[in-house]
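Student: See start-v5.cif below, with mmCIF, C-alpha atoms.
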data_data
#
loop_
_atom_site.label_atom_id
_atom_site.label_comp_id
_atom_site.auth_asym_id
_atom_site.auth_seq_id
_atom_site.Cartn_x
_atom_site.Cartn_y
_atom_site.Cartn_z
CA MET F 25 78.46 85.96 149.40
CA LYS F 26 78.67 84.66 145.88
CA THR F 27 81.23 87.34 145.01
CA THR F 28 83.43 86.21 147.87
CA ARG F 29 83.23 82.65 146.62
CA TYR F 30 84.46 83.61 143.15
CA LEU F 31 87.04 86.15 144.35
CA PRO F 32 90.01 83.71 144.36
CA LEU F 33 89.12 82.63 140.84
CA LEU F 34 88.95 86.24 139.67
CA LEU F 35 92.25 86.97 141.36
CA CYS F 36 93.89 84.00 139.63
CA PHE F 37 92.52 85.21 136.31
CA CYS F 38 93.82 88.74 136.85
CA ILE F 39 97.25 87.49 137.93
CA GLY F 40 97.32 85.19 134.90
CA GLN F 41 96.53 88.10 132.59
CA ALA F 42 99.17 90.26 134.24
CA LEU F 43 101.76 87.54 133.79
CA ALA F 44 100.64 86.79 130.23
CA ASP F 45 101.08 90.37 128.98
CA THR F 46 104.52 91.91 129.35
CA PRO F 47 104.75 95.68 129.82
CA ILE F 48 106.75 97.44 127.10
CA GLN F 49 109.07 100.30 127.93
CA LEU F 50 111.54 101.05 125.14
CA ARG F 51 113.27 104.14 123.82
CA HIS F 52 115.76 104.94 121.07
CA ASP F 53 117.35 108.14 119.75
CA ALA F 54 116.09 109.18 116.32
CA THR F 55 116.78 111.86 113.75
CA PRO F 56 113.96 114.41 113.27
CA THR F 57 113.11 112.91 109.87
CA ALA F 58 113.77 109.28 110.73
CA ARG F 59 112.03 106.53 108.83
CA ILE F 60 110.15 104.29 111.27
CA SER F 61 108.72 100.88 110.38
CA ILE F 62 106.07 99.45 112.66
CA GLY F 63 104.43 96.04 112.51
CA ASN F 64 101.74 94.43 114.63
CA ILE F 65 99.31 91.66 113.82
CA ALA F 66 96.57 91.95 116.43
CA GLY F 67 95.88 94.38 119.25
CA THR F 68 96.21 98.12 118.69
CA VAL F 69 98.79 100.57 117.38
CA SER F 70 98.80 104.21 118.34
CA VAL F 71 101.43 106.61 117.00
CA ASN F 72 101.65 110.10 118.44
CA ALA F 73 103.99 112.84 117.28
CA TRP F 74 106.16 114.71 119.74
CA ASP F 75 108.88 117.32 119.56
CA ARG F 76 111.75 115.13 120.72
CA ASN F 77 114.44 113.39 118.70
CA GLU F 78 113.66 110.00 120.11
CA VAL F 79 111.22 107.14 119.75
CA GLN F 80 109.43 105.79 122.78
CA VAL F 81 107.41 102.61 122.80
CA THR F 82 105.09 101.62 125.62
CA GLY F 83 102.14 99.25 125.89
CA ARG F 84 101.78 95.54 126.55
CA LEU F 85 103.34 92.71 124.62
CA GLY F 86 100.95 89.81 124.02
CA ASP F 87 101.72 86.35 125.30
CA GLY F 88 103.56 84.28 122.71
CA ALA F 89 105.34 87.23 121.09
CA LYS F 90 109.09 87.52 120.71
CA PRO F 91 110.69 90.04 123.08
CA LEU F 92 110.23 93.43 121.46
CA ALA F 93 113.18 95.64 120.52
CA ILE F 94 113.78 98.79 118.52
CA ALA F 95 116.12 97.78 115.74
CA GLY F 96 118.15 99.85 113.28
CA SER F 97 119.95 103.17 113.32
CA ASN F 98 118.74 106.60 114.44
CA GLY F 99 117.59 107.42 110.93
CA ASP F 100 115.94 104.11 110.17
CA LEU F 101 114.16 102.30 112.98
CA GLU F 102 112.07 99.17 113.11
CA ILE F 103 109.57 97.99 115.72
CA LYS F 104 107.85 94.75 114.83
CA VAL F 105 105.78 92.40 116.93
CA GLU F 106 106.42 88.81 115.84
CA PRO F 107 105.38 85.46 117.23
CA GLN F 108 107.95 83.33 119.01
CA GLY F 109 109.40 80.72 116.68
CA GLY F 110 107.77 82.45 113.72
CA SER F 111 109.49 83.32 110.51
CA GLY F 112 109.37 87.11 110.62
CA TRP F 113 106.31 88.88 109.30
CA PHE F 114 105.26 85.92 107.22
CA ASN F 115 102.63 83.46 108.44
CA TRP F 116 100.64 86.15 110.22
CA GLY F 117 97.60 84.00 109.48
CA GLY F 118 98.78 81.74 112.30
CA ASP F 119 98.55 84.55 114.83
CA SER F 120 96.42 82.41 117.16
CA ARG F 121 99.63 81.45 118.93
CA MET F 122 100.21 85.06 119.91
CA ALA F 123 97.96 87.22 122.09
CA PRO F 124 97.14 90.78 120.94
CA THR F 125 99.78 93.43 121.60
CA THR F 126 99.13 97.06 122.47
CA LEU F 127 101.72 99.43 121.01
CA GLU F 128 101.82 103.09 121.98
CA LEU F 129 104.54 105.02 120.21
CA HIS F 130 105.83 108.56 120.44
CA VAL F 131 107.90 109.55 117.43
CA PRO F 132 109.53 112.74 116.07
CA ARG F 133 106.88 114.89 114.43
CA ALA F 134 108.53 114.99 110.98
CA ALA F 135 109.35 111.28 110.84
CA SER F 136 108.18 109.08 107.99
CA LEU F 137 106.10 106.06 108.88
CA ASP F 138 105.70 102.66 107.31
CA VAL F 139 103.06 100.69 109.22
CA ASN F 140 101.93 97.13 108.64
CA VAL F 141 99.00 95.83 110.67
CA VAL F 142 96.61 92.97 110.12
CA SER F 143 93.61 93.25 112.40
CA ALA F 144 95.03 95.84 114.76
CA PRO F 145 93.28 99.21 114.59
CA LEU F 146 95.74 102.02 113.92
CA VAL F 147 95.70 105.64 115.03
CA ILE F 148 98.29 108.17 113.84
CA ASP F 149 98.08 111.64 115.30
CA GLY F 150 99.98 114.90 114.92
CA MET F 151 102.58 113.93 112.32
CA ASP F 152 103.85 116.80 110.20
CA GLY F 153 106.19 116.66 107.23
CA GLY F 154 107.06 113.00 106.68
CA SER F 155 105.46 110.53 104.31
CA ILE F 156 103.11 107.85 105.62
CA GLN F 157 102.53 104.41 104.19
CA ILE F 158 100.08 101.93 105.71
CA ASN F 159 99.05 98.39 104.93
CA THR F 160 96.14 96.93 106.87
CA VAL F 161 93.86 93.95 106.39
CA SER F 162 90.87 94.37 108.68
CA GLY F 163 92.07 97.00 111.11
CA LYS F 164 90.67 100.49 110.84
CA ALA F 165 93.24 103.23 110.07
CA ARG F 166 92.77 106.77 111.40
CA ILE F 167 95.34 109.30 110.30
CA ASN F 168 95.48 112.88 111.44
CA ALA F 169 98.60 114.28 109.82
CA ARG F 170 100.01 116.89 107.51
CA THR F 171 101.95 114.83 105.04
CA PRO F 172 103.39 115.24 101.54
CA SER F 173 102.44 111.67 100.74
CA LEU F 174 99.87 109.31 102.23
CA LYS F 175 99.42 105.80 100.90
CA VAL F 176 96.97 103.40 102.52
CA ASP F 177 96.08 99.92 101.31
CA SER F 178 93.29 98.27 103.24
CA VAL F 179 91.19 95.18 102.66
CA SER F 180 88.14 95.59 104.88
CA GLY F 181 89.32 98.18 107.36
CA ASN F 182 87.96 101.70 107.07
CA ILE F 183 90.29 104.61 106.32
CA GLU F 184 89.75 107.93 108.05
CA GLN F 185 92.00 110.83 107.11
CA ALA F 186 92.31 114.30 108.59
CA GLY F 187 94.91 117.06 108.51
CA HIS F 188 96.25 117.40 104.97
CA ALA F 189 97.66 114.92 102.48
CA GLU F 190 99.28 116.64 99.48
CA GLN F 191 99.45 113.35 97.59
CA ALA F 192 97.09 110.58 98.63
CA ALA F 193 96.54 107.07 97.34
CA LEU F 194 93.85 105.33 99.35
CA GLN F 195 92.59 101.91 98.42
CA THR F 196 90.19 99.40 99.96
CA VAL F 197 88.24 96.34 98.94
CA SER F 198 85.23 96.80 101.20
CA GLY F 199 86.37 99.38 103.72
CA ASP F 200 84.96 102.89 103.65
CA ILE F 201 87.16 105.89 102.85
CA LEU F 202 86.52 109.13 104.67
CA ALA F 203 89.00 111.75 103.51
CA PRO F 204 87.98 115.37 104.00
CA ALA F 205 91.41 116.97 103.56
CA LEU F 206 92.99 115.79 100.34
CA GLY F 207 95.66 117.74 98.51
CA ARG F 208 96.65 118.19 94.88
CA GLU F 209 97.13 114.62 93.68
CA VAL F 210 94.65 111.98 94.72
CA GLU F 211 93.93 108.41 93.81
CA LEU F 212 90.96 106.73 95.47
CA GLN F 213 89.91 103.19 94.78
CA THR F 214 87.40 100.77 96.27
CA ILE F 215 85.33 97.80 95.28
CA SER F 216 82.32 98.17 97.56
CA GLY F 217 83.37 100.65 100.21
CA ARG F 218 81.80 104.05 100.48
CA ILE F 219 83.90 107.10 99.63
CA GLN F 220 83.41 110.55 101.09
CA ALA F 221 86.21 112.88 100.05
CA HIS F 222 86.83 116.61 99.91
CA GLY F 223 89.75 118.92 99.37
CA GLY F 224 91.70 120.29 96.46
CA PRO F 225 92.46 122.26 94.44
CA TRP F 226 93.14 119.04 92.58
CA ARG F 227 95.78 118.85 89.89
CA LYS F 228 94.84 115.26 89.30
CA LEU F 229 92.18 113.14 90.96
CA THR F 230 91.24 109.66 89.89
CA LEU F 231 88.52 107.69 91.61
CA SER F 232 87.19 104.26 90.89
CA THR F 233 84.45 102.27 92.56
CA VAL F 234 82.65 99.14 91.53
CA SER F 235 79.60 99.27 93.77
CA GLY F 236 80.41 101.72 96.55
CA ASP F 237 78.70 105.10 96.62
CA VAL F 238 80.77 108.26 96.28
CA GLN F 239 80.39 111.78 97.60
CA LEU F 240 83.16 114.04 96.36
CA GLY F 241 83.52 117.77 96.74
CA GLY F 242 86.32 120.16 96.00
CA ALA F 243 87.96 122.57 93.60
CA LEU F 244 89.94 121.84 90.47
CA ALA F 245 93.39 123.39 90.02
CA SER F 246 94.08 125.30 86.82
CA ALA F 247 94.32 122.75 83.98
CA GLY F 248 93.68 119.99 86.49
CA SER F 249 91.76 116.82 85.83
CA ILE F 250 89.19 114.68 87.59
CA GLY F 251 88.40 111.17 86.39
CA ILE F 252 85.71 109.06 88.02
CA ASP F 253 84.76 105.52 87.02
CA SER F 254 81.87 103.70 88.65
CA MET F 255 79.96 100.56 87.79
CA SER F 256 76.89 100.53 90.04
CA GLY F 257 77.98 102.96 92.72
CA ASN F 258 76.11 106.26 92.87
CA VAL F 259 78.29 109.32 92.42
CA GLN F 260 77.74 112.84 93.66
CA LEU F 261 80.30 115.47 92.66
CA GLN F 262 80.10 118.95 94.08
CA LEU F 263 82.07 121.69 92.30
CA PRO F 264 82.51 125.39 93.07
CA ALA F 265 80.53 127.74 90.84
CA ASN F 266 83.76 129.23 89.41
CA THR F 267 85.14 125.91 88.16
CA SER F 268 86.91 126.13 84.82
CA ALA F 269 86.80 122.83 82.96
CA SER F 270 85.25 120.85 80.18
CA LEU F 271 82.85 118.36 81.70
CA HIS F 272 81.97 115.06 80.13
CA ALA F 273 79.68 112.69 82.01
CA SER F 274 77.83 109.61 80.88
CA SER F 275 75.87 106.75 82.32
CA PHE F 276 74.85 103.58 80.50
CA SER F 277 71.65 103.04 82.48
CA GLY F 278 71.89 105.26 85.53
CA ASP F 279 70.17 108.56 86.11
CA LEU F 280 72.27 111.65 85.31
CA ARG F 281 71.49 115.11 86.64
CA SER F 282 73.70 118.16 86.60
CA ASP F 283 73.57 121.78 87.71
CA PHE F 284 76.03 122.47 84.86
CA GLY F 285 74.50 121.94 81.42
CA THR F 286 71.70 119.56 80.51
CA ALA F 287 71.96 115.82 80.22
CA LYS F 288 70.99 114.32 76.86
CA LYS F 289 68.97 111.14 76.73
CA PRO F 290 68.81 108.94 73.66
CA GLU F 291 65.43 108.62 71.91
CA HIS F 292 65.30 104.93 72.64
CA GLY F 293 66.79 103.03 75.52
CA PRO F 294 68.27 104.00 78.86
CA GLY F 295 71.29 106.09 79.74
CA SER F 296 72.30 109.66 79.28
CA SER F 297 75.32 111.84 78.65
CA LEU F 298 76.40 115.38 79.30
CA ASP F 299 78.97 117.67 77.73
CA ALA F 300 79.38 121.12 79.20
CA ARG F 301 81.95 123.88 79.31
CA LEU F 302 82.45 125.37 82.74
CA GLY F 303 84.03 128.84 82.81
CA ASP F 304 87.05 129.02 80.48
CA GLY F 305 87.18 125.25 80.19
CA ASP F 306 90.81 124.92 81.39
CA GLY F 307 90.62 121.60 83.15
CA ARG F 308 89.01 118.27 82.36
CA ILE F 309 86.34 116.37 84.25
CA ASN F 310 85.36 112.97 83.02
CA ILE F 311 82.79 110.84 84.83
CA GLU F 312 81.43 107.53 83.67
CA THR F 313 79.03 105.18 85.40
CA PHE F 314 77.44 102.00 84.16
CA SER F 315 74.27 101.72 86.26
CA GLY F 316 75.05 104.08 89.11
CA ASP F 317 73.23 107.38 89.36
CA LEU F 318 75.23 110.55 88.88
CA ARG F 319 74.71 114.04 90.26
CA VAL F 320 76.94 117.01 89.49
CA ARG F 321 76.12 119.84 91.83
CA ARG F 322 77.15 123.48 91.95
CA GLN F 323 78.54 124.52 95.30
CA ASP F 324 77.15 127.90 96.31
CA MET M 27 69.97 112.60 104.98
CA ASN M 28 70.57 112.80 101.23
CA GLU M 29 69.11 110.81 98.35
CA PHE M 30 71.94 108.28 98.30
CA GLU M 31 71.42 107.57 101.99
CA TRP M 32 67.74 106.85 101.32
CA ARG M 33 68.65 104.59 98.44
CA ARG M 34 71.20 102.77 100.57
CA GLN M 35 68.61 102.24 103.28
CA LEU M 36 66.13 101.01 100.68
CA ARG M 37 68.72 98.55 99.37
CA ASP M 38 69.34 97.35 102.92
CA LEU M 39 65.62 96.55 103.21
CA ARG M 40 65.88 94.28 100.19
CA GLN M 41 66.77 91.25 102.30
CA PRO M 42 65.05 87.85 102.49
CA LEU M 43 62.72 87.85 105.49
CA ALA M 44 61.77 84.69 107.36
CA PRO M 45 58.21 84.56 108.75
CA ARG M 46 58.04 85.07 112.51
CA ARG M 47 56.16 81.82 112.99
CA ASP M 48 56.06 78.59 111.06
CA LEU M 49 53.24 79.01 108.51
CA TRP M 50 53.31 75.44 107.36
CA ASP M 51 51.27 74.08 110.33
CA ALA M 52 48.31 76.28 109.42
CA ILE M 53 48.60 75.40 105.71
CA ASP M 54 48.84 71.72 106.55
CA ALA M 55 45.84 71.93 108.87
CA ALA M 56 43.80 73.69 106.17
CA LEU M 57 44.73 71.03 103.63
CA ASP M 58 43.75 68.32 106.11
CA ASP M 59 40.39 70.04 106.63
CA VAL M 60 39.73 69.97 102.88
CA GLU M 61 40.74 66.32 102.81
CA ARG M 62 38.39 65.47 105.69
CA THR M 63 35.50 67.41 104.09
CA GLN M 64 35.97 65.55 100.81
CA ALA M 65 36.21 62.22 102.61
CA ALA M 66 32.96 62.95 104.46
CA ALA M 67 31.24 63.97 101.23
CA ASN M 68 32.40 60.85 99.37
CA PRO M 69 33.10 58.09 101.90
CA VAL M 70 33.04 55.21 99.41
CA TRP M 71 35.69 56.30 96.91
CA ARG M 72 38.69 58.34 97.97
CA GLU M 73 41.30 59.70 95.63
CA PRO M 74 44.91 58.92 96.58
CA TRP M 75 45.71 62.69 96.42
CA PRO M 76 43.14 65.43 97.12
CA ALA M 77 42.66 68.04 94.39
CA PRO M 78 44.58 70.90 96.06
CA ARG M 79 47.55 68.64 96.70
CA ARG M 80 47.40 67.37 93.13
CA ARG M 81 47.53 70.92 91.91
CA TRP M 82 50.51 71.64 94.19
CA LEU M 83 52.23 68.50 93.03
CA ALA M 84 51.62 69.32 89.39
CA ALA M 85 52.89 72.85 89.90
CA ALA M 86 55.97 71.62 91.78
CA LEU M 87 56.67 69.05 89.06
CA ALA M 88 56.31 71.67 86.33
CA ALA M 89 58.57 74.07 88.23
CA SER M 90 61.20 71.35 88.75
CA LEU M 91 61.10 70.45 85.06
CA LEU M 92 61.45 74.12 84.11
CA LEU M 93 64.36 74.56 86.51
CA ALA M 94 66.10 71.42 85.30
CA GLY M 95 65.52 72.50 81.69
CA GLY M 96 66.89 75.97 82.44
CA ILE M 97 70.01 74.61 84.12
CA GLY M 98 70.55 72.17 81.26
CA TRP M 99 70.16 74.93 78.72
CA ARG M 100 72.64 77.18 80.59
CA VAL M 101 75.15 74.33 80.78
CA LEU M 102 74.82 73.73 77.04
CA GLN M 103 75.12 77.45 76.32
CA ALA M 104 78.09 77.99 78.64
CA PRO M 105 80.94 77.17 76.20
CA THR M 106 79.63 79.63 73.60
CA ALA M 107 78.81 82.32 76.17
CA ALA M 108 82.21 82.18 77.86
CA PRO M 109 84.21 84.16 75.26
CA LEU M 110 81.59 86.92 75.37
CA ALA M 111 81.67 86.98 79.14
CA GLY M 112 85.43 87.27 78.99
CA ASN M 113 86.44 84.60 81.45
CA THR M 114 83.71 85.22 84.03
CA THR M 115 84.35 81.87 85.64
CA SER M 116 88.03 82.47 86.09
CA PRO M 117 90.06 79.31 86.59
CA THR M 118 92.24 81.33 88.95
CA ARG M 119 89.42 81.70 91.50
CA TRP M 120 90.70 80.83 94.92
CA LYS M 121 89.60 81.01 98.51
CA PRO M 122 92.16 82.15 101.05
CA SER M 123 92.17 80.18 104.26
CA ASP M 124 92.46 83.29 106.42
CA PRO M 125 88.92 84.46 107.25
CA ARG M 126 90.07 88.11 107.13
CA LEU M 127 90.86 87.66 103.44
CA ALA M 128 88.15 85.16 102.45
CA GLY M 129 85.36 87.74 102.42
CA ALA M 130 87.40 90.13 100.30
CA ALA M 131 88.23 87.34 97.85
CA VAL M 132 84.52 86.59 97.40
CA GLU M 133 83.84 90.30 96.97
CA LEU M 134 86.54 90.69 94.33
CA ASP M 135 85.28 87.62 92.47
CA ALA M 136 81.74 88.98 92.49
CA ALA M 137 82.93 92.40 91.31
CA GLN M 138 84.86 90.85 88.44
CA MET M 139 81.83 88.80 87.42
CA GLU M 140 79.56 91.85 87.52
CA LEU M 141 82.06 93.85 85.49
CA HIS M 142 82.25 91.12 82.86
CA LEU M 143 78.47 91.08 82.64
CA ALA M 144 78.39 94.87 82.37
CA LEU M 145 81.03 94.71 79.62
CA GLN M 146 78.76 92.36 77.69
CA GLN M 147 76.17 95.13 77.62
CA ALA M 148 78.62 97.99 77.08
CA PRO M 149 81.64 96.37 75.40
CA HIS M 150 83.22 99.67 74.38
CA SER M 151 83.20 101.25 77.82
CA PRO M 152 86.75 102.30 78.75
CA ALA M 153 85.61 102.97 82.33
CA LEU M 154 84.43 99.39 82.80
CA GLN M 155 87.67 98.09 81.33
CA ARG M 156 89.70 100.28 83.69
CA LEU M 157 87.60 99.11 86.63
CA LEU M 158 88.18 95.52 85.63
CA ASP M 159 91.94 96.06 85.36
CA ARG M 160 92.04 97.68 88.80
CA THR M 161 89.94 94.94 90.31
CA GLU M 162 92.34 92.36 88.91
CA GLN M 163 95.27 94.31 90.36
CA GLN M 164 93.59 94.36 93.77
CA GLN M 165 93.02 90.63 93.51
CA ALA M 166 96.71 90.11 92.74
CA GLN M 167 97.60 92.17 95.83
CA LEU M 168 95.23 90.08 97.92
CA ARG M 169 96.94 86.94 96.69
CA GLN M 170 100.25 88.34 97.86
CA LEU M 171 98.70 89.01 101.25
CA ALA M 172 97.35 85.47 101.35
CA ILE M 173 100.87 84.17 100.71
CA GLN M 174 102.15 86.28 103.60
CA ALA M 175 99.34 84.99 105.81
CA GLY M 176 100.65 81.49 105.25
#
Would you give me this structure, written as structure tokens?
Tutor:
Amino acid sequence: MKTTRYLPLLLCFCIGQALADTPIQLRHDATPTARISIGNIAGTVSVNAWDRNEVQVTGRLGDGAKPLAIAGSNGDLEIKVEPQGGSGWFNWGGDSRMAPTTLELHVPRAASLDVNVVSAPLVIDGMDGGSIQINTVSGKARINARTPSLKVDSVSGNIEQAGHAEQAALQTVSGDILAPALGREVELQTISGRIQAHGGPWRKLTLSTVSGDVQLGGALASAGSIGIDSMSGNVQLQLPANTSASLHASSFSGDLRSDFGTAKKPEHGPGSSLDARLGDGDGRINIETFSGDLRVRRQD
Amino acid sequence: MNEFEWRRQLRDLRQPLAPRRDLWDAIDAALDDVERTQAAANPVWREPWPAPRRRWLAAALAASLLLAGGIGWRVLQAPTAAPLAGNTTSPTRWKPSDPRLAGAAVELDAAQMELHLALQQAPHSPALQRLLDRTEQQQAQLRQLAIQAG
């Protein structure tokens, strides 16, 4: 009985929602390696690769947004959700005048992507061959792609990577970084986020964390280098038994333990350091923590 | 679960915990009981403050004086400590109006302060200096974002 009473109200609400959000149905021809820029402030963005030379955009445009269009040429396309009366991408802080927009894109598999989101979670799936660049504030970014270059800047959103990124530069303030498939050149940086990363063989890997914990595992390329800086974050590095490198590790006041060599402790005061030669000593591994604990483990 | 997970969980436990019920009523009642007992034992002359309360008051006064003295001392020491700390209280500290950036700004400020303090203890650490440089770069990027946010 009560349900019947509220049915008209529910109907009005549903009709209102349907009118508020506008369905999106857009398409545009694209070259196989087109560069595609995507922007959305709130809502969601999902980018899926397909084997067609065209871009398709579906989803729902939030109330208060400008009519959406695919701009540019076949080789350089732009899809950006902007508020009505707004000045482009600027003033996204005033996004309260625009309802969230859902963007679902299908793009050529080898296209390059440049995605800017604010709080919209982002999913990229199946891309192969093009570079990917992402800027996000609080939205989580999940990328499953084989890419020569992956660059992600995030404030508090987590970064999850899969596939393979030959070059990767992943940075957060407080978001976690989960990157199990990193290629030869890697740069990881966080203030307080947690980093779990694997891959290699690394020609060059640099990692810095202020207070976030780190778990890193992978092989070093011949004459490659690994550099890890941590203030209070705990660091665990797992290396294959056949690693060839000179290893230097030190901690001002943290606990240092290693399966390679023996850590030296000063007679008085805290801290410890370790210098060891692994195999032929081709590469370089340098790890320094201030108060974070450090473990260097041999991978069997 | 590895050792770091345990440590993280232990750190998470290190939070201030409020009592489930208000303890002050029971303490107050107990103090009143002492007061009544003393009044019954000595009905003619009654001290303005019972002994336990006097002790509390004295302790509170001493603690306040210590705190005030400590703050005063820190304020007096601040100008000489600042160069060592390397600009820990940066005049460029700002708070973005967008709540999605405000938390990160606080976090970056705190990280910078901690790094400066760590550098006081290990002034020749290149790793700490690199971390500080990167933290400042991230703060500069966040400022750019704040400008875009409007």
Student: Within 10 Å of (84.6, 100.7, 80.5), in the coordinates the file gives, what residues turn up when you count all atoms listed in the file, written out as a PyMOL selection string?
Tutor: (chain F and resi 253-255+312-314) or (chain M and resi 141+144-145+148-159)
Student: Select all residues from chain F having any atom no more than 8 Å from an atom of chain M (counting all atoms listed in the file, ignoring ligands), output as number ranges by chain.
Tutor: F: 113-118, 161-162, 179-180, 197-198, 215, 232-234, 237, 253-255, 258, 276, 312-314
Student: Name all residues at most 8 Å from Ala221 in chain F (count only C-alpha atoms; drop same-chain ones fewer than 3 positions away) and give them as an mmCIF file with C-alpha atoms, in the coordinates of the input.
Tutor:
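Everything below was put into part36.cif:
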data_model
loop_
_atom_site.group_PDB
_atom_site.id
_atom_site.type_symbol
_atom_site.label_atom_id
_atom_site.label_comp_id
_atom_site.auth_asym_id
_atom_site.auth_seq_id
_atom_site.Cartn_x
_atom_site.Cartn_y
_atom_site.Cartn_z
ATOM 1 C CA ILE F 201 87.160 105.890 102.850
ATOM 2 C CA LEU F 202 86.520 109.130 104.670
ATOM 3 C CA ALA F 203 89.000 111.750 103.510
ATOM 4 C CA PRO F 204 87.980 115.370 104.000
ATOM 5 C CA ALA F 205 91.410 116.970 103.560
ATOM 6 C CA LEU F 206 92.990 115.790 100.340
ATOM 7 C CA GLN F 239 80.390 111.780 97.600
ATOM 8 C CA LEU F 240 83.160 114.040 96.360
ATOM 9 C CA GLY F 241 83.520 117.770 96.740
#
Student: Evaluate the PyMOL selection byres ((chain F and resi 163) around 12) on the structure here and hand back the selected residues as a ChimeraX atom specification.
Tutor: /F:64-69,139-147,158-162,164-166,176-184,196,199-200 /M:126
Student: Taking the file as shown, find all residues satisfying the PyMOL selection byres ((chain F and resi 88) around 7) and write them as JSON, numbers by chain.
Tutor: {"F": [86, 87, 89, 90, 107, 108, 121, 122, 123]}
Student: Got a sec: who's within 9 Å of Ser70 in chain F, counting all atoms listed in the file, leaving out chain neighbours fewer than 4 positions off, as a PyMOL selection string?
Tutor: chain F and resi 126-130+145-149
Student: Between CA of Gln262 in chain F and CA of Pro290 in chain F, measure the distance and give it in Å to one decimal.
Tutor: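 Going from CA of Gln262 in chain F over to CA of Pro290 in chain F covers 25.4 Å.
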Student: Counting all atoms listed in the file, what is within 8 Å of Asp138 in chain F, bar same-chain residues fewer than 4 positions away, as JSON, numbers by chain?
Tutor: {"F": [59, 60, 61, 62, 156, 157, 158]}
Student: Running the PyMOL selection byres ((chain F and resi 133) around 9) on this model by hand, what would come out? Give it as a PyMOL selection string.
Tutor: chain F and resi 56-57+72-77+130-132+134-136+150-154
Student: For the atom pair CA of Ser97 in chain F and CA of Ile167 in chain F, what is the interatomic distance in Å to one decimal place?
Tutor: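 Atom-to-atom, CA of Ser97 in chain F and CA of Ile167 in chain F are spaced 25.5 Å apart.
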Student: Which is closest to Thr55 in chain F among F:Gln195, F:Gln213, F:Gln220, F:Asn98, if we use all atoms listed in the file?
Tutor: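 Closest residue, counting all atoms listed in the file: F:Asn98.
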Student: For Ser268 in chain F, find every residue with an atom within 8 Å (counting all atoms listed in the file), except residues of its own chain fewer than 6 positions away, and show them as a ChimeraX atom specification.
Tutor: /F:244,246,301-307
Student: Please list as a list of chain:residue names every residue within 7 Å of Arg84 in chain F, counting all atoms listed in the file and excluding residues in the same chain fewer than 5 positions away.
Tutor: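 Counting all atoms listed in the file, the residues come to F:Asp45, F:Thr46, F:Pro47, F:Ile48, F:Thr125, F:Thr126, F:Leu127.
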